[in-house]
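Structure data (mmCIF, C-alpha atoms) from model-v9.cif:
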```cif
data_run
#
loop_
_atom_site.label_atom_id
_atom_site.label_comp_id
_atom_site.auth_asym_id
_atom_site.auth_seq_id
_atom_site.Cartn_x
_atom_site.Cartn_y
_atom_site.Cartn_z
CA MET A 1 0.00 0.00 0.00
CA ALA A 2 1.36 3.42 -0.92
CA THR A 3 1.86 5.73 1.99
CA ILE A 4 0.75 9.32 1.86
CA GLN A 5 3.52 11.65 0.75
CA VAL A 6 3.33 15.05 2.36
CA THR A 7 5.20 18.14 1.22
CA GLU A 8 6.11 21.15 3.33
CA GLY A 9 2.77 22.86 2.85
CA ASN A 10 0.97 19.66 3.87
CA GLU A 11 -0.36 19.40 0.33
CA PRO A 12 0.31 15.98 -1.19
CA HIS A 13 2.82 16.15 -4.03
CA PRO A 14 0.98 15.73 -7.40
CA ASP A 15 3.03 12.59 -8.08
CA VAL A 16 1.44 10.82 -5.10
CA ALA A 17 -1.91 10.40 -6.86
CA LEU A 18 -0.23 9.27 -10.08
CA VAL A 19 1.85 6.68 -8.21
CA ALA A 20 -1.24 5.42 -6.36
CA SER A 21 -3.16 5.06 -9.64
CA ALA A 22 -0.24 3.27 -11.30
CA VAL A 23 0.04 0.84 -8.37
CA ALA A 24 -3.69 0.16 -8.77
CA GLY A 25 -3.03 -0.86 -12.38
CA ASP A 26 -3.49 2.37 -14.35
CA VAL A 27 -0.59 2.28 -16.78
CA HIS A 28 -1.55 5.69 -18.19
CA ALA A 29 -0.88 7.25 -14.81
CA PHE A 30 2.60 5.80 -14.98
CA GLU A 31 2.94 7.10 -18.54
CA LYS A 32 2.27 10.59 -17.20
CA LEU A 33 5.16 10.17 -14.76
CA ILE A 34 7.34 9.05 -17.66
CA SER A 35 6.43 12.11 -19.73
CA LYS A 36 7.14 14.33 -16.77
CA TYR A 37 10.61 13.02 -16.01
CA ASP A 38 12.04 11.22 -19.05
CA ARG A 39 14.09 14.18 -20.30
CA GLN A 40 15.67 14.76 -16.90
CA ILE A 41 16.49 11.08 -16.42
CA PHE A 42 17.96 10.93 -19.93
CA ARG A 43 20.07 14.02 -19.25
CA ILE A 44 21.43 12.67 -15.95
CA ALA A 45 22.16 9.28 -17.54
CA GLN A 46 24.01 10.94 -20.41
CA HIS A 47 26.14 12.98 -18.06
CA ILE A 48 27.07 9.94 -15.99
CA THR A 49 27.58 7.42 -18.80
CA GLN A 50 28.81 9.97 -21.37
CA ASN A 51 27.24 7.74 -23.98
CA ARG A 52 24.01 8.35 -25.87
CA GLU A 53 23.00 4.72 -26.42
CA ASP A 54 23.70 3.84 -22.82
CA ALA A 55 21.60 6.80 -21.71
CA GLU A 56 18.67 5.60 -23.84
CA ASP A 57 18.95 2.13 -22.29
CA VAL A 58 19.30 3.56 -18.80
CA MET A 59 16.19 5.68 -19.23
CA GLN A 60 14.12 2.72 -20.41
CA ASP A 61 15.47 0.32 -17.78
CA ALA A 62 15.06 2.84 -14.96
CA PHE A 63 11.38 3.42 -15.75
CA LEU A 64 10.72 -0.30 -16.16
CA LYS A 65 12.41 -1.07 -12.86
CA ALA A 66 10.51 1.74 -11.15
CA TYR A 67 7.25 0.33 -12.47
CA GLU A 68 8.13 -3.18 -11.30
CA LYS A 69 9.01 -1.94 -7.83
CA LEU A 70 6.33 0.72 -7.53
CA ASP A 71 4.54 -1.07 -4.70
CA GLN A 72 7.81 -0.93 -2.72
CA PHE A 73 8.06 2.84 -3.13
CA GLN A 74 7.87 4.47 0.26
CA GLY A 75 6.16 7.82 0.14
CA ASN A 76 8.63 9.33 2.59
CA SER A 77 10.76 10.55 -0.30
CA LYS A 78 9.76 12.20 -3.55
CA PHE A 79 9.05 9.93 -6.50
CA TYR A 80 11.65 11.82 -8.55
CA THR A 81 14.31 11.27 -5.85
CA TRP A 82 13.55 7.56 -5.86
CA LEU A 83 13.58 7.43 -9.68
CA VAL A 84 16.94 9.21 -9.94
CA ARG A 85 18.42 6.78 -7.46
CA ILE A 86 17.38 3.89 -9.72
CA ALA A 87 18.72 5.69 -12.80
CA VAL A 88 22.07 6.39 -11.11
CA ASN A 89 22.44 2.71 -10.22
CA GLU A 90 21.55 1.70 -13.79
CA SER A 91 24.07 4.23 -15.13
CA LEU A 92 26.83 2.84 -12.90
CA MET A 93 25.99 -0.66 -14.14
CA ARG A 94 26.40 0.54 -17.73
CA LEU A 95 29.78 2.05 -16.88
CA ARG A 96 30.81 -1.29 -15.42
CA LYS A 97 29.78 -3.11 -18.60
CA ARG A 98 31.79 -0.66 -20.70
CA ARG A 99 34.78 -1.34 -18.53
CA THR A 100 34.58 -5.10 -19.17
CA GLY A 101 33.32 -6.21 -15.85
CA LYS A 102 35.45 -4.01 -13.63
CA MET A 103 33.45 -2.97 -10.59
CA VAL A 104 32.08 0.53 -10.63
CA SER A 105 30.59 1.89 -7.46
CA ILE A 106 30.15 5.30 -5.99
CA ASP A 107 32.86 4.48 -3.45
CA GLU A 108 35.50 3.67 -6.00
CA ASP A 109 38.78 5.57 -6.34
CA ILE A 110 37.73 8.39 -4.10
CA GLU A 111 40.88 8.31 -1.98
CA THR A 112 42.85 10.68 -4.09
CA ASP A 113 44.39 14.03 -3.43
CA GLU A 114 44.35 15.02 -7.06
CA GLY A 115 43.18 18.57 -7.53
CA SER A 116 42.86 19.21 -3.81
CA VAL A 117 45.74 21.66 -4.01
CA PRO A 118 45.25 23.86 -7.04
CA ARG A 119 48.44 23.84 -9.09
CA ASP A 120 47.47 25.31 -12.38
CA LEU A 121 46.77 28.96 -11.79
CA ALA A 122 46.36 30.43 -15.25
CA ASP A 123 43.12 32.41 -15.29
CA TRP A 124 41.28 31.10 -18.32
CA SER A 125 37.91 31.85 -16.79
CA PRO A 126 36.31 34.63 -18.90
CA ASN A 127 35.42 32.80 -22.15
CA PRO A 128 37.36 29.60 -22.80
CA GLU A 129 34.50 28.19 -24.85
CA GLN A 130 34.75 30.86 -27.56
CA ASN A 131 38.04 29.36 -28.74
CA TYR A 132 36.45 26.05 -29.63
CA SER A 133 33.70 24.77 -31.84
CA GLN A 134 30.78 23.23 -29.99
CA ALA A 135 31.99 19.76 -30.99
CA GLU A 136 35.56 20.44 -29.82
CA LEU A 137 34.36 21.79 -26.50
CA ALA A 138 31.99 18.85 -26.00
CA LYS A 139 34.88 16.45 -26.62
CA ILE A 140 37.11 18.21 -24.08
CA LEU A 141 34.35 18.20 -21.48
CA ARG A 142 33.60 14.53 -22.12
CA LYS A 143 37.24 13.43 -21.88
CA THR A 144 37.72 15.48 -18.74
CA ILE A 145 34.69 14.20 -16.83
CA GLN A 146 35.44 10.61 -17.89
CA GLY A 147 38.68 10.87 -15.94
CA LEU A 148 36.79 11.58 -12.75
CA PRO A 149 36.09 8.62 -10.40
CA PRO A 150 32.40 7.59 -10.70
CA GLY A 151 31.72 8.54 -7.07
CA PHE A 152 32.78 12.10 -7.79
CA ARG A 153 31.21 12.26 -11.22
CA VAL A 154 27.77 11.27 -9.96
CA VAL A 155 27.81 13.90 -7.20
CA PHE A 156 29.00 16.62 -9.60
CA VAL A 157 26.30 15.73 -12.17
CA LEU A 158 23.45 15.73 -9.67
CA ARG A 159 24.52 18.86 -7.77
CA ASP A 160 26.09 21.13 -10.36
CA VAL A 161 24.65 19.97 -13.68
CA ASP A 162 21.17 18.88 -12.67
CA GLY A 163 20.96 21.51 -9.91
CA LEU A 164 19.69 19.24 -7.11
CA SER A 165 20.26 20.22 -3.49
CA THR A 166 22.96 18.70 -1.29
CA GLU A 167 20.26 17.01 0.80
CA GLU A 168 18.48 15.52 -2.22
CA THR A 169 21.77 14.29 -3.66
CA ALA A 170 22.68 12.69 -0.33
CA GLU A 171 19.33 10.92 -0.20
CA MET A 172 19.57 9.72 -3.79
CA LEU A 173 23.05 8.28 -3.32
CA GLY A 174 22.68 7.01 0.22
CA LEU A 175 25.52 9.29 1.34
CA SER A 176 25.77 11.69 4.28
CA VAL A 177 25.49 15.43 3.62
CA PRO A 178 29.16 16.03 4.62
CA ALA A 179 30.23 13.22 2.24
CA VAL A 180 28.34 14.87 -0.62
CA LYS A 181 29.93 18.25 0.16
CA SER A 182 33.41 16.76 0.34
CA ARG A 183 33.03 14.84 -2.91
CA LEU A 184 31.54 17.83 -4.68
CA LEU A 185 34.42 20.10 -3.74
CA ARG A 186 36.99 17.55 -4.82
CA ALA A 187 35.11 16.85 -8.07
CA ARG A 188 35.01 20.56 -8.89
CA LEU A 189 38.69 21.03 -8.14
CA GLN A 190 39.74 17.98 -10.14
CA LEU A 191 37.70 19.05 -13.14
CA ARG A 192 39.06 22.58 -12.84
CA GLU A 193 42.63 21.29 -12.77
CA ARG A 194 42.07 19.03 -15.75
CA LEU A 195 40.28 21.68 -17.81
CA SER A 196 43.14 24.07 -17.09
CA ARG A 197 45.44 21.83 -19.12
CA TYR A 198 43.34 22.55 -22.19
CA PHE A 199 42.22 26.09 -21.60
CA ARG A 200 45.40 27.76 -20.36
CA SER A 201 47.19 26.94 -23.61
CA LYS A 202 44.46 28.46 -25.71
CA LYS A 203 43.37 31.62 -24.06
CA ALA A 204 41.28 34.26 -25.82
CA GLY A 205 42.96 35.62 -28.94
CA GLU A 206 45.47 32.78 -29.25
CA LYS A 207 43.56 30.78 -31.79
CA MET B 1 35.27 27.83 2.22
CA LEU B 2 35.60 27.66 -1.53
CA ASP B 3 32.42 25.73 -2.15
CA GLU B 4 30.35 27.98 0.10
CA LEU B 5 31.66 31.01 -1.73
CA ILE B 6 30.95 29.41 -5.11
CA GLU B 7 27.38 28.79 -4.07
CA GLY B 8 26.93 32.11 -2.35
CA SER B 9 25.88 30.41 0.89
CA VAL B 10 28.23 32.34 3.19
CA SER B 11 27.06 34.98 5.64
CA ALA B 12 27.44 38.64 4.70
CA GLU B 13 30.20 39.08 7.28
CA MET B 14 32.13 36.05 6.09
CA ARG B 15 31.70 37.12 2.47
CA LYS B 16 33.18 40.54 3.30
CA GLN B 17 36.20 38.94 4.97
CA LEU B 18 36.70 36.50 2.11
CA GLU B 19 36.41 39.21 -0.51
CA GLU B 20 38.99 41.29 1.33
CA HIS B 21 41.32 38.31 1.24
CA LEU B 22 40.52 37.61 -2.41
CA GLY B 23 41.29 41.20 -3.30
CA GLY B 24 44.89 40.61 -2.28
CA CYS B 25 45.29 36.99 -3.31
CA ALA B 26 45.60 36.19 -7.01
CA HIS B 27 45.88 32.50 -6.21
CA CYS B 28 42.45 32.30 -4.57
CA THR B 29 40.82 34.62 -7.11
CA VAL B 30 41.98 32.50 -10.02
CA THR B 31 40.92 29.27 -8.29
CA LEU B 32 37.48 30.69 -7.54
CA ASN B 33 36.94 32.13 -11.03
CA THR B 34 38.07 29.05 -12.89
CA THR B 35 36.11 26.71 -10.59
CA ARG B 36 32.95 28.73 -11.17
CA LYS B 37 33.62 28.65 -14.90
CA THR B 38 34.17 24.87 -14.78
CA ILE B 39 30.67 24.45 -13.34
CA GLU B 40 29.21 26.88 -15.87
CA VAL B 41 30.69 25.18 -18.96
CA TYR B 42 29.37 21.80 -17.84
CA ARG B 43 25.96 23.16 -16.94
CA SER B 44 25.55 24.93 -20.27
CA ASN B 45 26.94 22.04 -22.32
CA GLU B 46 23.83 20.68 -23.94
CA LEU B 47 24.31 17.02 -24.68
CA TYR B 48 22.28 15.12 -27.20
CA ALA B 49 18.64 16.06 -26.73
CA LEU B 50 16.05 13.34 -26.54
CA PRO B 51 14.46 13.27 -30.04
CA LYS B 52 10.74 12.76 -30.28
CA SER B 53 11.14 9.55 -32.29
CA VAL B 54 13.32 7.93 -29.62
CA ARG B 55 11.06 9.25 -26.90
CA ASP B 56 7.98 7.78 -28.60
CA ARG B 57 9.72 4.45 -29.18
CA LEU B 58 10.75 4.21 -25.54
CA HIS B 59 7.32 5.21 -24.34
CA ALA B 60 5.71 2.54 -26.51
CA ALA B 61 8.18 -0.11 -25.36
CA ILE B 62 7.63 0.75 -21.71
CA VAL B 63 3.85 0.83 -21.95
CA ALA B 64 3.77 -2.40 -23.99
CA ARG B 65 5.97 -4.21 -21.48
CA CYS B 66 4.00 -2.90 -18.55
CA LYS B 67 0.76 -4.08 -20.09
CA ASN B 68 2.32 -7.51 -20.43
CA GLY B 69 2.81 -7.61 -16.70
CA CYS B 70 6.29 -6.28 -16.06
#
```
Rewrite the coordinates I just gave you, this time as C-alpha cells.
Amino acid sequence: MATIQVTEGNEPHPDVALVASAVAGDVHAFEKLISKYDRQIFRIAQHITQNREDAEDVMQDAFLKAYEKLDQFQGNSKFYTWLVRIAVNESLMRLRKRRTGKMVSIDEDIETDEGSVPRDLADWSPNPEQNYSQAELAKILRKTIQGLPPGFRVVFVLRDVDGLSTEETAEMLGLSVPAVKSRLLRARLQLRERLSRYFRSKKAGEK
Amino acid sequence: MLDELIEGSVSAEMRKQLEEHLGGCAHCTVTLNTTRKTIEVYRSNELYALPKSVRDRLHAAIVARCKNGC
C-alpha cells in the first residue's frame, strides 16, 4: 500500500496520486510520470555514462524497474528522488559493462588528493568556450569528466549539472550530507585542474 | 570555504572577509573564477537532446511491457 507523501505545505505532491493510480493498475498514470521526467532522467544518464546509447537504455530500464518496484516505493521521499536513485544505479551498471566487468561503485577511487591543491593557476575563466567549436568543446568536457572517479562524477552531475540540493543528492546516493559536500568540492577542483590543461594553452585571442 | 563562496551560501560578514582576502590573493581569485567557470561550462553544455522519435519508441516499449505484466 502506498503511503501518503506530504510536502512542506501539507499538500500531497501531485506525483502521489499518479503513483497510487499506477500501483492500482493504471498504466496511463505511470505514462504521465514518464512524460514528466524522461528528459531529466535521460540528461542525468548521459552525463554519468557519457554515452548516448547507454543513456537511452538507462532511461528505459530505470522506468521499467521503477514500475516493477512501484509497490515498494515508500512515500517518505519524492518519486523523482527515488527514480533518480534507480537511474544512477543503472548508469553505474552501464559504466561497469563498458569497462569489461570491472566494478564501478560510488565508493570507488575516491581516496585521491588530485586537484585538492590547485596547481594550475592560469586564469582562463572569462570565455574559454569561444576558442572552440561546440563539438571540440563537447569532446574536451567529455574526456575530462570521464577521468573523474564515478563517485565524484555522480555527485557533480546531480549537484552542479542537474541543480539538485545537497540534501536531495545525499538521499539519492545514500551518502551523508558532509560526504556529498566533500566529494563535490573535490570533483570541482579535479575538473578545474584538468580543464586548465586545455584552456590555459588556448586563451582568448590565441587561436 | 571555496564551495560555500561558489554557491553564495556564506554569511554577509564572512563574504566581506573572504572578498577582502581575495582582493589581495591572485591564487584564490583564479581558483574561484576558474572553478565557477568549470561548473558553468558543464551546466551549459547541452548534450544530445532526446528526439521525439526515440522518446515515442521508448514510451511505446515501456507501456507495452508494462501491459504484459512487467
Would you kindly translate the PyMOL selection byres ((chain B) within 6 of (chain A)) into the concrete residues it picks from this file, as a compact mmCIF listing (two decimals) with C-alpha atoms, in the coordinates of the input?
```
# COMPACT_ATOMS: atom_id res chain seq x y z
CA VAL B 30 41.98 32.50 -10.02
CA ASN B 33 36.94 32.13 -11.03
CA THR B 34 38.07 29.05 -12.89
CA THR B 35 36.11 26.71 -10.59
CA LYS B 37 33.62 28.65 -14.90
CA THR B 38 34.17 24.87 -14.78
CA ARG B 43 25.96 23.16 -16.94
CA CYS B 70 6.29 -6.28 -16.06
```
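When atom CA of A:Leu173 is paired with atom CA of A:Leu158, their separation reads 9.8 Å.
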Take atom CA of A:Ala45 and atom CA of A:Tyr198 and report the distance between them in Å, one decimal.
-> 25.4 Å
Do you know which residues are at most 8 Å from A:Val155 counting only C-alpha atoms, after dropping those on the same chain fewer than 4 positions away, and could you put them as a PyMOL selection string?
-> chain A and resi 151+159+169+180+183-184+187
Selection export as a short mmCIF file (atom, residue, chain, number, x, y, z; two decimals), in the frame of the given file, atoms kept: C-alpha atoms:
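Everything below was put into result-v2.cif:
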```cif
data_model
loop_
_atom_site.label_atom_id
_atom_site.label_comp_id
_atom_site.auth_asym_id
_atom_site.auth_seq_id
_atom_site.Cartn_x
_atom_site.Cartn_y
_atom_site.Cartn_z
CA GLY A 151 31.72 8.54 -7.07
CA ARG A 159 24.52 18.86 -7.77
CA THR A 169 21.77 14.29 -3.66
CA VAL A 180 28.34 14.87 -0.62
CA ARG A 183 33.03 14.84 -2.91
CA LEU A 184 31.54 17.83 -4.68
CA ALA A 187 35.11 16.85 -8.07
#
```
Counting all atoms listed in the file, closest pick from B:Val63, B:Ile39, B:His21, B:Ala49 relative to A:Ile41 is B:Ala49
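One finds atom CA of A:Val23 at 6.1 Å from atom CA of A:Asp71.
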Do you know which residues are at most 8 Å from stretch 89-93 of chain A counting only C-alpha atoms, after dropping those on the same chain fewer than 6 positions away, and could you put them as number ranges by chain?
-> A: 45, 48-49, 54-55, 58, 61-62, 104-105, 150
N, CA and C atoms modelled onto stretch 63-74 of chain A, as a compact mmCIF listing (two decimals), in the frame of the given file:
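Printed below is selection_7.txt as written:
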```txt
# COMPACT_ATOMS: atom_id res chain seq x y z
N PHE A 63 12.85 3.32 -15.85
CA PHE A 63 11.38 3.42 -15.75
C PHE A 63 10.74 2.04 -15.58
N LEU A 64 11.27 1.06 -16.30
CA LEU A 64 10.72 -0.30 -16.16
C LEU A 64 10.92 -0.83 -14.75
N LYS A 65 12.12 -0.60 -14.23
CA LYS A 65 12.41 -1.07 -12.86
C LYS A 65 11.54 -0.33 -11.84
N ALA A 66 11.36 0.96 -12.06
CA ALA A 66 10.51 1.74 -11.15
C ALA A 66 9.09 1.19 -11.17
N TYR A 67 8.61 0.85 -12.36
CA TYR A 67 7.25 0.33 -12.47
C TYR A 67 7.12 -1.01 -11.75
N GLU A 68 8.15 -1.86 -11.96
CA GLU A 68 8.13 -3.18 -11.30
C GLU A 68 8.11 -3.06 -9.78
N LYS A 69 8.83 -2.08 -9.28
CA LYS A 69 9.01 -1.94 -7.83
C LYS A 69 8.10 -0.89 -7.20
N LEU A 70 7.13 -0.42 -7.98
CA LEU A 70 6.33 0.72 -7.53
C LEU A 70 5.63 0.47 -6.19
N ASP A 71 5.23 -0.78 -5.97
CA ASP A 71 4.54 -1.07 -4.70
C ASP A 71 5.50 -1.04 -3.52
N GLN A 72 6.82 -1.03 -3.82
CA GLN A 72 7.81 -0.93 -2.72
C GLN A 72 8.18 0.52 -2.44
N PHE A 73 7.72 1.42 -3.30
CA PHE A 73 8.06 2.84 -3.13
C PHE A 73 7.46 3.37 -1.83
N GLN A 74 8.32 3.90 -1.00
CA GLN A 74 7.87 4.47 0.26
C GLN A 74 7.64 5.97 0.05
```
